[in-house]
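Here's the structure, in structure tokens; my notes come after.
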Amino acid sequence: MLVAAVLAAVLFPQARQGLERHGSSIATIAVAALAAGALVLLLVKAGRRGSSAWAARRRRPEGWGISFLDGLHHTEFEEAVRDLMRRDGAHDAVRVGGAGDNGADVKGTDPAGRRWVIQCKHRRDGAAGAAVGTPDLHVLNGTGRPVHGGDVVVLVTNGRITGPAKEFARSQRLHLVDRRLLDEWSTGSTPLWDLLSQLPAPRRHRPGIRWGQQVLADDVPYGEGRTT
């Protein structure tokens, strides 16, 4: 802008007079425009660096400490849980979280053929954030098996879980992964199914059943591959 004003002043006398009267104002506007452009450029570069850092860390699940997981967006947290499942051998694991997910954020099948339905609860403040309570488990409990056809129904959080929620989960055969267990899972090499106890017995995997397809009662008899 400043260069254009100087060029106009050389070519046109009237423009020269205008520049003499308003030169300081034009210079101020030009400097402000340049500063704004520089700020936008820095923000774009910072965003690209952040995305690149997340993409790079996604390729190395073994380096995901709990502090790294705390800093993720909730959708990235769901992607991280999906990638950990894939790392462990659930190669069909998918992220399905979002509007209308009916309580499931990640679903996949482990090497023993068990279908996993996982709900993720990310707390931006980690252990200092709001604890996961019983109400957080109600939707998962109501849909994990009858709607999603899960054999193993799990809630994963980087935060805390209340005592009543633990009791409710135990009574409903729901599995919980709290901050401590999540850190052990994400920083180690032991699959989640080896970290949790009282899992259903292995079942024969039937590739004809796809995720997102509702499992009917006569398709999977209650108790098959499940603890009672």
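In the structure tokens, each chain is lettered A, B, ... as it comes, each chain's residues begin at 1, and ligands are numbered from 1 in order of appearance.
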
Going by DSSP on the backbone, which residues of region 38-209 of chain A come out as strand (DSSP E or B)? List them as a PDB file with all heavy atoms, in the first residue's frame.
```pdb
ATOM      1  N   VAL A  94     -12.492 -48.593  14.628  1.00  0.00           N
ATOM      2  CA  VAL A  94     -12.917 -47.369  13.967  1.00  0.00           C
ATOM      3  C   VAL A  94     -13.405 -46.376  15.011  1.00  0.00           C
ATOM      4  O   VAL A  94     -13.907 -46.760  16.070  1.00  0.00           O
ATOM      5  CB  VAL A  94     -14.041 -47.625  12.942  1.00  0.00           C
ATOM      6  CG1 VAL A  94     -13.531 -48.438  11.770  1.00  0.00           C
ATOM      7  CG2 VAL A  94     -15.238 -48.319  13.600  1.00  0.00           C
ATOM      8  N   ARG A  95     -13.246 -45.101  14.708  1.00  0.00           N
ATOM      9  CA  ARG A  95     -13.819 -44.047  15.542  1.00  0.00           C
ATOM     10  C   ARG A  95     -15.191 -43.711  14.986  1.00  0.00           C
ATOM     11  O   ARG A  95     -15.320 -43.382  13.811  1.00  0.00           O
ATOM     12  CB  ARG A  95     -12.932 -42.799  15.528  1.00  0.00           C
ATOM     13  CG  ARG A  95     -13.576 -41.624  16.264  1.00  0.00           C
ATOM     14  CD  ARG A  95     -12.752 -40.349  16.153  1.00  0.00           C
ATOM     15  NE  ARG A  95     -13.511 -39.231  16.703  1.00  0.00           N
ATOM     16  CZ  ARG A  95     -14.278 -38.421  15.988  1.00  0.00           C
ATOM     17  NH1 ARG A  95     -14.366 -38.569  14.673  1.00  0.00           N
ATOM     18  NH2 ARG A  95     -14.957 -37.453  16.569  1.00  0.00           N
ATOM     19  N   VAL A 106     -15.591 -45.546  19.922  1.00  0.00           N
ATOM     20  CA  VAL A 106     -14.649 -46.429  19.217  1.00  0.00           C
ATOM     21  C   VAL A 106     -15.201 -47.850  19.272  1.00  0.00           C
ATOM     22  O   VAL A 106     -15.703 -48.290  20.313  1.00  0.00           O
ATOM     23  CB  VAL A 106     -13.245 -46.385  19.862  1.00  0.00           C
ATOM     24  CG1 VAL A 106     -12.302 -47.385  19.191  1.00  0.00           C
ATOM     25  CG2 VAL A 106     -12.667 -44.974  19.792  1.00  0.00           C
ATOM     26  N   LYS A 107     -15.092 -48.555  18.155  1.00  0.00           N
ATOM     27  CA  LYS A 107     -15.513 -49.957  18.113  1.00  0.00           C
ATOM     28  C   LYS A 107     -14.468 -50.768  17.350  1.00  0.00           C
ATOM     29  O   LYS A 107     -13.854 -50.263  16.411  1.00  0.00           O
ATOM     30  CB  LYS A 107     -16.880 -50.089  17.437  1.00  0.00           C
ATOM     31  CG  LYS A 107     -17.997 -49.384  18.192  1.00  0.00           C
ATOM     32  CD  LYS A 107     -19.377 -49.780  17.715  1.00  0.00           C
ATOM     33  CE  LYS A 107     -19.729 -49.188  16.382  1.00  0.00           C
ATOM     34  NZ  LYS A 107     -21.162 -49.423  16.035  1.00  0.00           N
ATOM     35  N   GLY A 108     -14.289 -52.003  17.755  1.00  0.00           N
ATOM     36  CA  GLY A 108     -13.325 -52.863  17.078  1.00  0.00           C
ATOM     37  C   GLY A 108     -13.410 -54.286  17.591  1.00  0.00           C
ATOM     38  O   GLY A 108     -14.090 -54.561  18.582  1.00  0.00           O
ATOM     39  N   THR A 109     -12.696 -55.179  16.943  1.00  0.00           N
ATOM     40  CA  THR A 109     -12.703 -56.600  17.284  1.00  0.00           C
ATOM     41  C   THR A 109     -11.291 -57.047  17.652  1.00  0.00           C
ATOM     42  O   THR A 109     -10.350 -56.828  16.883  1.00  0.00           O
ATOM     43  CB  THR A 109     -13.205 -57.448  16.093  1.00  0.00           C
ATOM     44  OG1 THR A 109     -14.428 -56.905  15.613  1.00  0.00           O
ATOM     45  CG2 THR A 109     -13.403 -58.895  16.499  1.00  0.00           C
ATOM     46  N   ARG A 115     -16.089 -58.376  20.305  1.00  0.00           N
ATOM     47  CA  ARG A 115     -16.403 -57.030  19.820  1.00  0.00           C
ATOM     48  C   ARG A 115     -16.329 -56.045  20.975  1.00  0.00           C
ATOM     49  O   ARG A 115     -16.999 -56.229  22.002  1.00  0.00           O
ATOM     50  CB  ARG A 115     -17.792 -57.007  19.184  1.00  0.00           C
ATOM     51  CG  ARG A 115     -17.979 -58.026  18.071  1.00  0.00           C
ATOM     52  CD  ARG A 115     -19.320 -57.818  17.382  1.00  0.00           C
ATOM     53  NE  ARG A 115     -19.611 -58.919  16.477  1.00  0.00           N
ATOM     54  CZ  ARG A 115     -20.483 -59.884  16.738  1.00  0.00           C
ATOM     55  NH1 ARG A 115     -21.151 -59.868  17.878  1.00  0.00           N
ATOM     56  NH2 ARG A 115     -20.695 -60.850  15.878  1.00  0.00           N
ATOM     57  N   TRP A 116     -15.558 -54.990  20.783  1.00  0.00           N
ATOM     58  CA  TRP A 116     -15.361 -53.978  21.824  1.00  0.00           C
ATOM     59  C   TRP A 116     -16.143 -52.720  21.462  1.00  0.00           C
ATOM     60  O   TRP A 116     -16.081 -52.240  20.326  1.00  0.00           O
ATOM     61  CB  TRP A 116     -13.879 -53.632  21.962  1.00  0.00           C
ATOM     62  CG  TRP A 116     -13.069 -54.723  22.588  1.00  0.00           C
ATOM     63  CD1 TRP A 116     -12.845 -55.974  22.098  1.00  0.00           C
ATOM     64  CD2 TRP A 116     -12.373 -54.656  23.834  1.00  0.00           C
ATOM     65  NE1 TRP A 116     -12.056 -56.700  22.958  1.00  0.00           N
ATOM     66  CE2 TRP A 116     -11.749 -55.922  24.031  1.00  0.00           C
ATOM     67  CE3 TRP A 116     -12.202 -53.666  24.793  1.00  0.00           C
ATOM     68  CZ2 TRP A 116     -10.981 -56.196  25.159  1.00  0.00           C
ATOM     69  CZ3 TRP A 116     -11.429 -53.942  25.919  1.00  0.00           C
ATOM     70  CH2 TRP A 116     -10.830 -55.202  26.096  1.00  0.00           C
ATOM     71  N   VAL A 117     -16.849 -52.192  22.437  1.00  0.00           N
ATOM     72  CA  VAL A 117     -17.557 -50.921  22.305  1.00  0.00           C
ATOM     73  C   VAL A 117     -17.009 -49.994  23.383  1.00  0.00           C
ATOM     74  O   VAL A 117     -17.094 -50.304  24.581  1.00  0.00           O
ATOM     75  CB  VAL A 117     -19.078 -51.090  22.461  1.00  0.00           C
ATOM     76  CG1 VAL A 117     -19.778 -49.734  22.413  1.00  0.00           C
ATOM     77  CG2 VAL A 117     -19.622 -52.012  21.372  1.00  0.00           C
ATOM     78  N   ILE A 118     -16.431 -48.875  22.968  1.00  0.00           N
ATOM     79  CA  ILE A 118     -15.721 -47.993  23.900  1.00  0.00           C
ATOM     80  C   ILE A 118     -16.308 -46.592  23.853  1.00  0.00           C
ATOM     81  O   ILE A 118     -16.491 -46.012  22.774  1.00  0.00           O
ATOM     82  CB  ILE A 118     -14.218 -47.926  23.567  1.00  0.00           C
ATOM     83  CG1 ILE A 118     -13.614 -49.341  23.594  1.00  0.00           C
ATOM     84  CG2 ILE A 118     -13.485 -47.003  24.531  1.00  0.00           C
ATOM     85  CD1 ILE A 118     -12.162 -49.383  23.154  1.00  0.00           C
ATOM     86  N   GLN A 119     -16.585 -46.057  25.019  1.00  0.00           N
ATOM     87  CA  GLN A 119     -16.962 -44.650  25.138  1.00  0.00           C
ATOM     88  C   GLN A 119     -15.781 -43.896  25.754  1.00  0.00           C
ATOM     89  O   GLN A 119     -15.186 -44.351  26.732  1.00  0.00           O
ATOM     90  CB  GLN A 119     -18.194 -44.479  26.021  1.00  0.00           C
ATOM     91  CG  GLN A 119     -18.698 -43.041  26.077  1.00  0.00           C
ATOM     92  CD  GLN A 119     -19.938 -42.916  26.930  1.00  0.00           C
ATOM     93  OE1 GLN A 119     -19.880 -43.057  28.152  1.00  0.00           O
ATOM     94  NE2 GLN A 119     -21.079 -42.663  26.296  1.00  0.00           N
ATOM     95  N   CYS A 120     -15.437 -42.760  25.172  1.00  0.00           N
ATOM     96  CA  CYS A 120     -14.295 -41.970  25.632  1.00  0.00           C
ATOM     97  C   CYS A 120     -14.778 -40.716  26.354  1.00  0.00           C
ATOM     98  O   CYS A 120     -15.653 -40.004  25.849  1.00  0.00           O
ATOM     99  CB  CYS A 120     -13.406 -41.571  24.457  1.00  0.00           C
ATOM    100  SG  CYS A 120     -12.755 -42.970  23.512  1.00  0.00           S
ATOM    101  N   LYS A 121     -14.208 -40.449  27.515  1.00  0.00           N
ATOM    102  CA  LYS A 121     -14.499 -39.236  28.270  1.00  0.00           C
ATOM    103  C   LYS A 121     -13.186 -38.490  28.510  1.00  0.00           C
ATOM    104  O   LYS A 121     -12.412 -38.849  29.391  1.00  0.00           O
ATOM    105  CB  LYS A 121     -15.178 -39.571  29.604  1.00  0.00           C
ATOM    106  CG  LYS A 121     -16.586 -40.122  29.479  1.00  0.00           C
ATOM    107  CD  LYS A 121     -17.540 -39.075  28.934  1.00  0.00           C
ATOM    108  CE  LYS A 121     -18.961 -39.601  28.883  1.00  0.00           C
ATOM    109  NZ  LYS A 121     -19.893 -38.596  28.298  1.00  0.00           N
ATOM    110  N   VAL A 132     -15.798 -38.738  36.258  1.00  0.00           N
ATOM    111  CA  VAL A 132     -16.842 -39.465  35.541  1.00  0.00           C
ATOM    112  C   VAL A 132     -17.774 -40.097  36.565  1.00  0.00           C
ATOM    113  O   VAL A 132     -17.331 -40.814  37.471  1.00  0.00           O
ATOM    114  CB  VAL A 132     -16.224 -40.547  34.638  1.00  0.00           C
ATOM    115  CG1 VAL A 132     -17.317 -41.406  34.012  1.00  0.00           C
ATOM    116  CG2 VAL A 132     -15.358 -39.917  33.565  1.00  0.00           C
ATOM    117  N   VAL A 152     -17.519 -56.676  24.923  1.00  0.00           N
ATOM    118  CA  VAL A 152     -16.794 -55.963  25.966  1.00  0.00           C
ATOM    119  C   VAL A 152     -17.168 -54.487  25.843  1.00  0.00           C
ATOM    120  O   VAL A 152     -16.910 -53.864  24.810  1.00  0.00           O
ATOM    121  CB  VAL A 152     -15.267 -56.136  25.834  1.00  0.00           C
ATOM    122  CG1 VAL A 152     -14.559 -55.528  27.044  1.00  0.00           C
ATOM    123  CG2 VAL A 152     -14.894 -57.599  25.664  1.00  0.00           C
ATOM    124  N   VAL A 153     -17.772 -53.944  26.885  1.00  0.00           N
ATOM    125  CA  VAL A 153     -18.241 -52.555  26.872  1.00  0.00           C
ATOM    126  C   VAL A 153     -17.386 -51.772  27.863  1.00  0.00           C
ATOM    127  O   VAL A 153     -17.326 -52.114  29.052  1.00  0.00           O
ATOM    128  CB  VAL A 153     -19.735 -52.467  27.237  1.00  0.00           C
ATOM    129  CG1 VAL A 153     -20.222 -51.026  27.160  1.00  0.00           C
ATOM    130  CG2 VAL A 153     -20.560 -53.355  26.299  1.00  0.00           C
ATOM    131  N   VAL A 154     -16.725 -50.709  27.380  1.00  0.00           N
ATOM    132  CA  VAL A 154     -15.676 -50.052  28.150  1.00  0.00           C
ATOM    133  C   VAL A 154     -15.863 -48.540  28.136  1.00  0.00           C
ATOM    134  O   VAL A 154     -16.260 -47.960  27.120  1.00  0.00           O
ATOM    135  CB  VAL A 154     -14.282 -50.380  27.566  1.00  0.00           C
ATOM    136  CG1 VAL A 154     -13.175 -49.848  28.466  1.00  0.00           C
ATOM    137  CG2 VAL A 154     -14.123 -51.871  27.341  1.00  0.00           C
ATOM    138  N   LEU A 155     -15.544 -47.904  29.247  1.00  0.00           N
ATOM    139  CA  LEU A 155     -15.406 -46.447  29.289  1.00  0.00           C
ATOM    140  C   LEU A 155     -13.949 -46.118  29.570  1.00  0.00           C
ATOM    141  O   LEU A 155     -13.355 -46.660  30.502  1.00  0.00           O
ATOM    142  CB  LEU A 155     -16.299 -45.826  30.362  1.00  0.00           C
ATOM    143  CG  LEU A 155     -16.243 -44.287  30.407  1.00  0.00           C
ATOM    144  CD1 LEU A 155     -17.628 -43.685  30.627  1.00  0.00           C
ATOM    145  CD2 LEU A 155     -15.288 -43.791  31.499  1.00  0.00           C
ATOM    146  N   VAL A 156     -13.370 -45.246  28.748  1.00  0.00           N
ATOM    147  CA  VAL A 156     -11.973 -44.835  28.886  1.00  0.00           C
ATOM    148  C   VAL A 156     -11.929 -43.345  29.181  1.00  0.00           C
ATOM    149  O   VAL A 156     -12.560 -42.546  28.480  1.00  0.00           O
ATOM    150  CB  VAL A 156     -11.171 -45.130  27.598  1.00  0.00           C
ATOM    151  CG1 VAL A 156      -9.738 -44.603  27.733  1.00  0.00           C
ATOM    152  CG2 VAL A 156     -11.166 -46.618  27.283  1.00  0.00           C
ATOM    153  N   THR A 157     -11.186 -42.965  30.213  1.00  0.00           N
ATOM    154  CA  THR A 157     -11.056 -41.552  30.548  1.00  0.00           C
ATOM    155  C   THR A 157      -9.640 -41.239  30.993  1.00  0.00           C
ATOM    156  O   THR A 157      -8.938 -42.111  31.529  1.00  0.00           O
ATOM    157  CB  THR A 157     -12.042 -41.144  31.668  1.00  0.00           C
ATOM    158  OG1 THR A 157     -11.901 -39.743  31.946  1.00  0.00           O
ATOM    159  CG2 THR A 157     -11.777 -41.929  32.955  1.00  0.00           C
ATOM    160  N   ILE A 161     -12.792 -41.417  38.209  1.00  0.00           N
ATOM    161  CA  ILE A 161     -14.100 -42.068  38.182  1.00  0.00           C
ATOM    162  C   ILE A 161     -14.604 -42.166  39.615  1.00  0.00           C
ATOM    163  O   ILE A 161     -13.873 -42.587  40.522  1.00  0.00           O
ATOM    164  CB  ILE A 161     -14.010 -43.474  37.552  1.00  0.00           C
ATOM    165  CG1 ILE A 161     -13.457 -43.378  36.125  1.00  0.00           C
ATOM    166  CG2 ILE A 161     -15.382 -44.149  37.540  1.00  0.00           C
ATOM    167  CD1 ILE A 161     -13.190 -44.723  35.467  1.00  0.00           C
ATOM    168  N   HIS A 175     -16.631 -52.257  31.833  1.00  0.00           N
ATOM    169  CA  HIS A 175     -15.217 -52.153  32.189  1.00  0.00           C
ATOM    170  C   HIS A 175     -14.788 -50.689  32.157  1.00  0.00           C
ATOM    171  O   HIS A 175     -15.215 -49.924  31.284  1.00  0.00           O
ATOM    172  CB  HIS A 175     -14.362 -52.973  31.222  1.00  0.00           C
ATOM    173  CG  HIS A 175     -14.618 -54.449  31.325  1.00  0.00           C
ATOM    174  ND1 HIS A 175     -13.949 -55.267  32.206  1.00  0.00           N
ATOM    175  CD2 HIS A 175     -15.493 -55.240  30.665  1.00  0.00           C
ATOM    176  CE1 HIS A 175     -14.390 -56.506  32.083  1.00  0.00           C
ATOM    177  NE2 HIS A 175     -15.325 -56.521  31.156  1.00  0.00           N
ATOM    178  N   LEU A 176     -13.937 -50.324  33.118  1.00  0.00           N
ATOM    179  CA  LEU A 176     -13.494 -48.938  33.261  1.00  0.00           C
ATOM    180  C   LEU A 176     -11.986 -48.849  33.098  1.00  0.00           C
ATOM    181  O   LEU A 176     -11.235 -49.659  33.653  1.00  0.00           O
ATOM    182  CB  LEU A 176     -13.888 -48.386  34.635  1.00  0.00           C
ATOM    183  CG  LEU A 176     -15.381 -48.404  34.972  1.00  0.00           C
ATOM    184  CD1 LEU A 176     -15.604 -47.899  36.393  1.00  0.00           C
ATOM    185  CD2 LEU A 176     -16.173 -47.564  33.973  1.00  0.00           C
ATOM    186  N   VAL A 177     -11.559 -47.846  32.336  1.00  0.00           N
ATOM    187  CA  VAL A 177     -10.133 -47.533  32.192  1.00  0.00           C
ATOM    188  C   VAL A 177      -9.949 -46.106  32.690  1.00  0.00           C
ATOM    189  O   VAL A 177     -10.327 -45.147  32.017  1.00  0.00           O
ATOM    190  CB  VAL A 177      -9.662 -47.660  30.727  1.00  0.00           C
ATOM    191  CG1 VAL A 177      -8.194 -47.255  30.608  1.00  0.00           C
ATOM    192  CG2 VAL A 177      -9.868 -49.086  30.220  1.00  0.00           C
TER     193      VAL A 177
END
```

Which residues are close to Arg180 (chain A), i.e. within 12 Å by only C-alpha atoms, leaving aside same-chain residues fewer than 4 positions away? Reply as a VMD selection string.
chain A and resid 65 to 67 126 to 127 156 to 161 176 184 to 187 195

For CA of Glu167 (chain A) and CA of Thr143 (chain A), the interatomic separation in Å (one decimal)
18.9 Å

Tell me which protein, DNA and RNA residues are within 10 Å of Thr75 (chain A), counting only C-alpha atoms, leaving out same-chain ones fewer than 5 positions away, and put them as a list of chain:residue names.
A:Ala80, A:Arg95, A:Gly97, A:Gly98, A:Asp105, A:Cys120, A:His122

What separation in Å, quoted to one decimal, exists between CA of Gly149 (chain A) and CA of Thr190 (chain A)?
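Here the two named atoms are 25.0 Å from each other.
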
Using only C-alpha atoms, which of A:Ala99, A:Gly133, A:Ser197, A:Leu84 sits nearest Leu69 (chain A)?
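Once distances to Leu69 (chain A) are computed over only C-alpha atoms, the minimum belongs to A:Leu84.
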
Correct to one decimal, the distance CA of Arg86 (chain A)-CA of Pro202 (chain A) is 18.0 Å
